[in-house]
Amino acid sequence: MKKTIMIVLMICLVLTGCQKGEARQGSVADQEMNSGASMDEENPVVGVDLSGIEMKDIEGNSSDGSIFKDKKLTVLNLWATWCGPCVEEMPEFEEVWQDMKDQDVQFIGLAIDSDANEILDLKKNLKITYPLISESKALTEEIASQFDYVPVTLFVDGQGKVIDTIIAGGTSGKNLKASIEGLLNE
């Protein structure tokens with residue numbers, strides 16, 4: 001009986017994402033992994049206009065909402081350094097980014113509740129080349145505050161509006177690429 005309960009608990013841990021503010025200790029391998037991304041969840045930020053926002057990447061470069069006009073589609077990934085599933089999916093996001101960056105898509109990672117030095121270290125260690133944003137009051141207030149978990153992957157159109165599609169929880173590069181291709185072909 002104890003074995004059955006323990007197995008059920010382990011499965012529940014694997015299938016959940018990280019809740020905001022829930023600090024994780026230890027290495028990525030020690031942290032929980034969410035392998036079951038959901039695209040059935042309702043997107044609470046659909047239609048939010050990000051064209052007027054200001055943001056700063058972790059290297060200190062400033063940008064504004066006009067960045068969304070550069071491409072037909074922007075992948076906006078909400079993540080945190082303390083979230084195992086977030087960190088686990090980043091290399092696959094990088095792989096998809098490298099494979100698709102010459103298409104009409106761009107990637108932005110929005111770090112939630114994370115220290116800038118930790119973000120820089122992670123970016124370097126994982127060899128992430130897409131922009132990672134850590135300072136954007138507007139993105140935090142209008143987007144991130146609407147979710148009580150990470151990772152969350154949103155999609156923003158070329159006018160800066162968040163579209164209906166959402167990936168709640170961790171996802172694979174294969175699923176991410178399929179979502180992007182579908183949205184680009186609409």
# chains A, B, ... in the order shown; residues from 1 in each chain; ligands from 1

$ closest_atom_pairs --of "stretch 82-146 of chain A" --to "stretch 61-68 of chain A" --cutoff "12 Å" --atoms "only C-alpha atoms" --output "Markdown table"
| residue | atom | partner | partner_atom | distance |
| --- | --- | --- | --- | --- |
| A:Asp104 | CA | A:Phe68 | CA | 10.9 |
| A:Val105 | CA | A:Phe68 | CA | 9.6 |
| A:Gln106 | CA | A:Phe68 | CA | 8.5 |
| A:Phe107 | CA | A:Phe68 | CA | 10.1 |
| A:Ile108 | CA | A:Phe68 | CA | 10.0 |
| A:Pro131 | CA | A:Asn61 | CA | 9.8 |
| A:Leu132 | CA | A:Asn61 | CA | 10.4 |
| A:Ile133 | CA | A:Asn61 | CA | 9.4 |
| A:Ser134 | CA | A:Asn61 | CA | 10.8 |
| A:Glu135 | CA | A:Ser62 | CA | 9.3 |
| A:Ser136 | CA | A:Asp64 | CA | 9.7 |
| A:Lys137 | CA | A:Asp64 | CA | 11.9 |
| A:Ala138 | CA | A:Gly65 | CA | 10.3 |
| A:Leu139 | CA | A:Gly65 | CA | 10.3 |

$ write_last_selection --atoms "N, CA, C and O atoms" --output "mmCIF file, in the first residue's frame"
data_model
loop_
_atom_site.group_PDB
_atom_site.id
_atom_site.type_symbol
_atom_site.label_atom_id
_atom_site.label_comp_id
_atom_site.auth_asym_id
_atom_site.auth_seq_id
_atom_site.Cartn_x
_atom_site.Cartn_y
_atom_site.Cartn_z
ATOM 1 N N ASP A 104 9.787 33.705 -39.769
ATOM 2 C CA ASP A 104 9.108 34.895 -39.252
ATOM 3 C C ASP A 104 8.704 34.726 -37.790
ATOM 4 O O ASP A 104 7.563 34.975 -37.406
ATOM 5 N N VAL A 105 9.675 34.288 -36.941
ATOM 6 C CA VAL A 105 9.417 34.028 -35.530
ATOM 7 C C VAL A 105 10.626 34.468 -34.707
ATOM 8 O O VAL A 105 11.758 34.427 -35.186
ATOM 9 N N GLN A 106 10.349 34.924 -33.493
ATOM 10 C CA GLN A 106 11.424 35.255 -32.554
ATOM 11 C C GLN A 106 11.065 34.723 -31.177
ATOM 12 O O GLN A 106 9.898 34.445 -30.905
ATOM 13 N N PHE A 107 12.064 34.573 -30.332
ATOM 14 C CA PHE A 107 11.872 34.049 -28.986
ATOM 15 C C PHE A 107 12.284 35.101 -27.967
ATOM 16 O O PHE A 107 13.285 35.794 -28.146
ATOM 17 N N ILE A 108 11.526 35.176 -26.872
ATOM 18 C CA ILE A 108 11.880 36.004 -25.719
ATOM 19 C C ILE A 108 11.565 35.186 -24.475
ATOM 20 O O ILE A 108 10.482 34.629 -24.343
ATOM 21 N N PRO A 131 16.894 36.358 -26.532
ATOM 22 C CA PRO A 131 16.879 37.343 -25.440
ATOM 23 C C PRO A 131 16.140 36.852 -24.203
ATOM 24 O O PRO A 131 15.076 36.249 -24.300
ATOM 25 N N LEU A 132 16.735 37.132 -23.045
ATOM 26 C CA LEU A 132 16.108 36.845 -21.767
ATOM 27 C C LEU A 132 15.841 38.174 -21.075
ATOM 28 O O LEU A 132 16.760 38.949 -20.827
ATOM 29 N N ILE A 133 14.584 38.422 -20.777
ATOM 30 C CA ILE A 133 14.147 39.669 -20.166
ATOM 31 C C ILE A 133 14.001 39.444 -18.667
ATOM 32 O O ILE A 133 13.399 38.458 -18.241
ATOM 33 N N SER A 134 14.542 40.361 -17.891
ATOM 34 C CA SER A 134 14.359 40.249 -16.443
ATOM 35 C C SER A 134 13.706 41.488 -15.852
ATOM 36 O O SER A 134 13.185 41.444 -14.760
ATOM 37 N N GLU A 135 13.747 42.572 -16.584
ATOM 38 C CA GLU A 135 13.194 43.814 -16.060
ATOM 39 C C GLU A 135 12.136 44.372 -16.991
ATOM 40 O O GLU A 135 12.450 44.955 -18.020
ATOM 41 N N SER A 136 10.912 44.121 -16.649
ATOM 42 C CA SER A 136 9.800 44.707 -17.380
ATOM 43 C C SER A 136 8.590 44.731 -16.461
ATOM 44 O O SER A 136 7.912 43.714 -16.282
ATOM 45 N N LYS A 137 8.356 45.883 -15.869
ATOM 46 C CA LYS A 137 7.220 46.032 -14.955
ATOM 47 C C LYS A 137 5.911 45.705 -15.680
ATOM 48 O O LYS A 137 5.050 45.024 -15.142
ATOM 49 N N ALA A 138 5.795 46.169 -16.924
ATOM 50 C CA ALA A 138 4.559 45.936 -17.682
ATOM 51 C C ALA A 138 4.341 44.451 -17.950
ATOM 52 O O ALA A 138 3.224 43.942 -17.776
ATOM 53 N N LEU A 139 5.380 43.743 -18.385
ATOM 54 C CA LEU A 139 5.225 42.308 -18.642
ATOM 55 C C LEU A 139 4.902 41.557 -17.356
ATOM 56 O O LEU A 139 4.092 40.635 -17.352
#

$ select_by_dssp --residues "stretch 20-184 of chain A" --states "strand (DSSP E)" --output "CSV table (one decimal) with C-alpha atoms, in the first residue's frame"
chain,number,residue,atom,x,y,z
A,54,GLU,CA,9.3,48.8,-22.1
A,55,MET,CA,11.7,46.1,-21.2
A,56,LYS,CA,15.3,45.4,-20.5
A,57,ASP,CA,17.2,42.2,-21.2
A,62,SER,CA,16.5,48.4,-23.5
A,63,SER,CA,13.7,47.6,-25.9
A,64,ASP,CA,10.0,48.4,-26.3
A,73,LEU,CA,5.1,35.6,-34.2
A,74,THR,CA,6.9,36.0,-30.9
A,75,VAL,CA,7.3,33.0,-28.6
A,76,LEU,CA,7.1,34.5,-25.0
A,77,ASN,CA,8.3,31.9,-22.4
A,78,LEU,CA,7.7,32.7,-18.7
A,79,TRP,CA,10.2,30.8,-16.6
A,105,VAL,CA,9.4,34.0,-35.5
A,106,GLN,CA,11.4,35.3,-32.6
A,107,PHE,CA,11.9,34.0,-29.0
A,108,ILE,CA,11.9,36.0,-25.7
A,109,GLY,CA,12.3,34.5,-22.3
A,110,LEU,CA,10.7,36.4,-19.4
A,111,ALA,CA,12.4,35.5,-16.1
A,132,LEU,CA,16.1,36.8,-21.8
A,133,ILE,CA,14.1,39.7,-20.2
A,134,SER,CA,14.4,40.2,-16.4
A,135,GLU,CA,13.2,43.8,-16.1
A,149,TYR,CA,2.9,28.7,-12.1
A,150,VAL,CA,5.7,28.5,-14.6
A,152,VAL,CA,4.1,29.1,-19.5
A,153,THR,CA,4.6,29.7,-23.2
A,154,LEU,CA,2.6,32.4,-24.9
A,155,PHE,CA,2.5,33.6,-28.4
A,156,VAL,CA,2.4,37.3,-29.5
A,157,ASP,CA,1.3,38.4,-33.0
A,162,VAL,CA,-1.2,38.0,-27.1
A,163,ILE,CA,-3.0,35.3,-29.1
A,164,ASP,CA,-5.2,32.6,-27.8
A,165,THR,CA,-2.7,29.7,-28.0
A,166,ILE,CA,-1.0,28.8,-24.8
A,167,ILE,CA,1.3,26.0,-23.6
A,168,ALA,CA,0.8,25.6,-19.9

$ closest_residue --among "A:Cys86, A:Gln98, A:Gln103, A:Pro44" --to "A:Asn185" --atoms "only C-alpha atoms"
A:Gln103

$ atom_distance --atom1 "atom CA of A:Leu176" --atom2 "atom CA of A:Lys71"
17.1 Å

$ select_by_dssp --residues "stretch 44-152 of chain A" --states "helix (DSSP H, G or I)" --output "mmCIF file with N, CA and C atoms, in the first residue's frame"
data_model
loop_
_atom_site.group_PDB
_atom_site.id
_atom_site.type_symbol
_atom_site.label_atom_id
_atom_site.label_comp_id
_atom_site.auth_asym_id
_atom_site.auth_seq_id
_atom_site.Cartn_x
_atom_site.Cartn_y
_atom_site.Cartn_z
ATOM 1 N N GLY A 65 7.873 47.709 -27.039
ATOM 2 C CA GLY A 65 6.903 46.839 -27.689
ATOM 3 C C GLY A 65 7.012 46.765 -29.192
ATOM 4 N N SER A 66 7.775 47.664 -29.791
ATOM 5 C CA SER A 66 7.941 47.604 -31.248
ATOM 6 C C SER A 66 8.705 46.349 -31.674
ATOM 7 N N ILE A 67 9.367 45.702 -30.712
ATOM 8 C CA ILE A 67 10.097 44.463 -31.013
ATOM 9 C C ILE A 67 9.159 43.397 -31.579
ATOM 10 N N PHE A 68 7.899 43.439 -31.171
ATOM 11 C CA PHE A 68 6.942 42.438 -31.645
ATOM 12 C C PHE A 68 6.599 42.632 -33.117
ATOM 13 N N LYS A 69 6.814 43.824 -33.637
ATOM 14 C CA LYS A 69 6.515 44.103 -35.042
ATOM 15 C C LYS A 69 7.592 43.566 -35.981
ATOM 16 N N ASP A 70 8.720 43.142 -35.411
ATOM 17 C CA ASP A 70 9.826 42.630 -36.220
ATOM 18 C C ASP A 70 9.489 41.302 -36.888
ATOM 19 N N GLY A 84 12.521 23.626 -12.115
ATOM 20 C CA GLY A 84 13.125 22.524 -12.864
ATOM 21 C C GLY A 84 12.590 22.364 -14.279
ATOM 22 N N PRO A 85 11.255 22.285 -14.470
ATOM 23 C CA PRO A 85 10.725 22.136 -15.822
ATOM 24 C C PRO A 85 11.110 23.301 -16.751
ATOM 25 N N CYS A 86 11.211 24.493 -16.182
ATOM 26 C CA CYS A 86 11.599 25.663 -16.986
ATOM 27 C C CYS A 86 13.006 25.493 -17.533
ATOM 28 N N VAL A 87 13.914 25.147 -16.642
ATOM 29 C CA VAL A 87 15.316 24.997 -17.016
ATOM 30 C C VAL A 87 15.489 23.809 -17.956
ATOM 31 N N GLU A 88 14.755 22.740 -17.707
ATOM 32 C CA GLU A 88 14.841 21.538 -18.538
ATOM 33 C C GLU A 88 14.444 21.810 -19.992
ATOM 34 N N GLU A 89 13.448 22.686 -20.208
ATOM 35 C CA GLU A 89 12.985 22.922 -21.570
ATOM 36 C C GLU A 89 13.826 23.955 -22.323
ATOM 37 N N MET A 90 14.640 24.723 -21.631
ATOM 38 C CA MET A 90 15.388 25.801 -22.284
ATOM 39 C C MET A 90 16.327 25.328 -23.403
ATOM 40 N N PRO A 91 17.087 24.247 -23.220
ATOM 41 C CA PRO A 91 17.923 23.793 -24.337
ATOM 42 C C PRO A 91 17.111 23.407 -25.577
ATOM 43 N N GLU A 92 15.930 22.847 -25.363
ATOM 44 C CA GLU A 92 15.077 22.507 -26.504
ATOM 45 C C GLU A 92 14.511 23.759 -27.155
ATOM 46 N N PHE A 93 14.180 24.765 -26.353
ATOM 47 C CA PHE A 93 13.741 26.049 -26.908
ATOM 48 C C PHE A 93 14.865 26.645 -27.749
ATOM 49 N N GLU A 94 16.083 26.580 -27.238
ATOM 50 C CA GLU A 94 17.239 27.099 -27.977
ATOM 51 C C GLU A 94 17.404 26.359 -29.305
ATOM 52 N N GLU A 95 17.236 25.055 -29.273
ATOM 53 C CA GLU A 95 17.347 24.248 -30.488
ATOM 54 C C GLU A 95 16.298 24.664 -31.522
ATOM 55 N N VAL A 96 15.064 24.831 -31.075
ATOM 56 C CA VAL A 96 13.992 25.263 -31.988
ATOM 57 C C VAL A 96 14.281 26.677 -32.485
ATOM 58 N N TRP A 97 14.740 27.555 -31.611
ATOM 59 C CA TRP A 97 15.096 28.925 -31.993
ATOM 60 C C TRP A 97 16.164 28.902 -33.091
ATOM 61 N N GLN A 98 17.206 28.115 -32.905
ATOM 62 C CA GLN A 98 18.277 28.035 -33.896
ATOM 63 C C GLN A 98 17.754 27.500 -35.233
ATOM 64 N N ASP A 99 16.839 26.556 -35.153
ATOM 65 C CA ASP A 99 16.280 25.944 -36.356
ATOM 66 C C ASP A 99 15.325 26.886 -37.097
ATOM 67 N N MET A 100 14.659 27.793 -36.359
ATOM 68 C CA MET A 100 13.602 28.598 -36.970
ATOM 69 C C MET A 100 13.886 30.097 -37.015
ATOM 70 N N ALA A 116 19.341 38.413 -11.391
ATOM 71 C CA ALA A 116 19.993 38.668 -12.688
ATOM 72 C C ALA A 116 21.278 37.861 -12.853
ATOM 73 N N ASN A 117 22.056 37.714 -11.793
ATOM 74 C CA ASN A 117 23.294 36.933 -11.897
ATOM 75 C C ASN A 117 23.011 35.455 -12.152
ATOM 76 N N GLU A 118 21.970 34.929 -11.514
ATOM 77 C CA GLU A 118 21.575 33.537 -11.753
ATOM 78 C C GLU A 118 21.124 33.349 -13.202
ATOM 79 N N ILE A 119 20.403 34.330 -13.721
ATOM 80 C CA ILE A 119 19.932 34.259 -15.107
ATOM 81 C C ILE A 119 21.120 34.271 -16.066
ATOM 82 N N LEU A 120 22.056 35.184 -15.833
ATOM 83 C CA LEU A 120 23.249 35.265 -16.684
ATOM 84 C C LEU A 120 24.045 33.968 -16.646
ATOM 85 N N ASP A 121 24.229 33.410 -15.450
ATOM 86 C CA ASP A 121 24.957 32.145 -15.314
ATOM 87 C C ASP A 121 24.249 31.024 -16.079
ATOM 88 N N LEU A 122 22.941 30.959 -15.925
ATOM 89 C CA LEU A 122 22.169 29.926 -16.602
ATOM 90 C C LEU A 122 22.251 30.095 -18.119
ATOM 91 N N LYS A 123 22.123 31.330 -18.586
ATOM 92 C CA LYS A 123 22.208 31.613 -20.021
ATOM 93 C C LYS A 123 23.551 31.147 -20.577
ATOM 94 N N LYS A 124 24.596 31.445 -19.853
ATOM 95 C CA LYS A 124 25.946 31.054 -20.283
ATOM 96 C C LYS A 124 26.107 29.533 -20.270
ATOM 97 N N ASN A 125 25.710 28.898 -19.161
ATOM 98 C CA ASN A 125 25.873 27.451 -19.024
ATOM 99 C C ASN A 125 25.053 26.657 -20.037
ATOM 100 N N LEU A 126 23.852 27.146 -20.346
ATOM 101 C CA LEU A 126 22.985 26.440 -21.296
ATOM 102 C C LEU A 126 23.178 26.916 -22.735
ATOM 103 N N LYS A 137 8.356 45.883 -15.869
ATOM 104 C CA LYS A 137 7.220 46.032 -14.955
ATOM 105 C C LYS A 137 5.911 45.705 -15.680
ATOM 106 N N ALA A 138 5.795 46.169 -16.924
ATOM 107 C CA ALA A 138 4.559 45.936 -17.682
ATOM 108 C C ALA A 138 4.341 44.451 -17.950
ATOM 109 N N LEU A 139 5.380 43.743 -18.385
ATOM 110 C CA LEU A 139 5.225 42.308 -18.642
ATOM 111 C C LEU A 139 4.902 41.557 -17.356
ATOM 112 N N THR A 140 5.533 41.961 -16.273
ATOM 113 C CA THR A 140 5.266 41.309 -14.995
ATOM 114 C C THR A 140 3.838 41.569 -14.534
ATOM 115 N N GLU A 141 3.398 42.820 -14.608
ATOM 116 C CA GLU A 141 2.049 43.170 -14.129
ATOM 117 C C GLU A 141 0.945 42.661 -15.042
ATOM 118 N N GLU A 142 1.134 42.801 -16.353
ATOM 119 C CA GLU A 142 0.057 42.457 -17.281
ATOM 120 C C GLU A 142 0.034 40.990 -17.683
ATOM 121 N N ALA A 144 2.725 38.080 -16.417
ATOM 122 C CA ALA A 144 3.179 37.089 -15.437
ATOM 123 C C ALA A 144 2.275 37.002 -14.216
ATOM 124 N N SER A 145 1.719 38.109 -13.788
ATOM 125 C CA SER A 145 0.877 38.103 -12.586
ATOM 126 C C SER A 145 -0.422 37.313 -12.780
ATOM 127 N N GLN A 146 -0.754 36.997 -14.005
ATOM 128 C CA GLN A 146 -1.993 36.265 -14.288
ATOM 129 C C GLN A 146 -1.834 34.748 -14.162
#

$ decode --residues "stretch 52-73 of chain A" --atoms "N, CA and C atoms" --output "short mmCIF file (atom, residue, chain, number, x, y, z; two decimals), in the first residue's frame"
data_model
loop_
_atom_site.label_atom_id
_atom_site.label_comp_id
_atom_site.auth_asym_id
_atom_site.auth_seq_id
_atom_site.Cartn_x
_atom_site.Cartn_y
_atom_site.Cartn_z
N GLY A 52 3.07 48.69 -26.34
CA GLY A 52 3.54 49.89 -25.66
C GLY A 52 4.45 49.63 -24.46
N ILE A 53 4.87 48.38 -24.28
CA ILE A 53 5.68 48.07 -23.10
C ILE A 53 7.15 48.46 -23.26
N GLU A 54 7.82 48.59 -22.14
CA GLU A 54 9.27 48.79 -22.12
C GLU A 54 9.86 47.61 -21.38
N MET A 55 11.04 47.19 -21.83
CA MET A 55 11.69 46.05 -21.19
C MET A 55 13.20 46.18 -21.31
N LYS A 56 13.89 45.41 -20.49
CA LYS A 56 15.34 45.40 -20.50
C LYS A 56 15.81 43.96 -20.42
N ASP A 57 16.74 43.57 -21.30
CA ASP A 57 17.24 42.20 -21.23
C ASP A 57 18.32 42.11 -20.14
N ILE A 58 18.79 40.90 -19.88
CA ILE A 58 19.72 40.71 -18.77
C ILE A 58 21.10 41.30 -19.03
N GLU A 59 21.37 41.67 -20.27
CA GLU A 59 22.62 42.36 -20.58
C GLU A 59 22.47 43.87 -20.41
N GLY A 60 21.25 44.33 -20.09
CA GLY A 60 21.02 45.75 -19.87
C GLY A 60 20.53 46.50 -21.09
N ASN A 61 20.28 45.82 -22.20
CA ASN A 61 19.78 46.45 -23.41
C ASN A 61 18.29 46.75 -23.29
N SER A 62 17.92 47.99 -23.58
CA SER A 62 16.51 48.39 -23.51
C SER A 62 15.81 48.12 -24.82
N SER A 63 14.54 47.83 -24.73
CA SER A 63 13.71 47.62 -25.90
C SER A 63 12.29 48.05 -25.55
N ASP A 64 11.45 48.08 -26.55
CA ASP A 64 10.05 48.41 -26.30
C ASP A 64 9.16 47.47 -27.10
N GLY A 65 7.87 47.71 -27.04
CA GLY A 65 6.90 46.84 -27.69
C GLY A 65 7.01 46.77 -29.19
N SER A 66 7.77 47.66 -29.79
CA SER A 66 7.94 47.60 -31.25
C SER A 66 8.71 46.35 -31.67
N ILE A 67 9.37 45.70 -30.71
CA ILE A 67 10.10 44.46 -31.01
C ILE A 67 9.16 43.40 -31.58
N PHE A 68 7.90 43.44 -31.17
CA PHE A 68 6.94 42.44 -31.65
C PHE A 68 6.60 42.63 -33.12
N LYS A 69 6.81 43.82 -33.64
CA LYS A 69 6.51 44.10 -35.04
C LYS A 69 7.59 43.57 -35.98
N ASP A 70 8.72 43.14 -35.41
CA ASP A 70 9.83 42.63 -36.22
C ASP A 70 9.49 41.30 -36.89
N LYS A 71 8.60 40.54 -36.28
CA LYS A 71 8.27 39.20 -36.78
C LYS A 71 6.77 38.98 -36.70
N LYS A 72 6.28 38.01 -37.47
CA LYS A 72 4.86 37.65 -37.45
C LYS A 72 4.47 37.06 -36.09
N LEU A 73 5.41 36.35 -35.45
CA LEU A 73 5.11 35.62 -34.23
C LEU A 73 6.27 35.73 -33.25
#
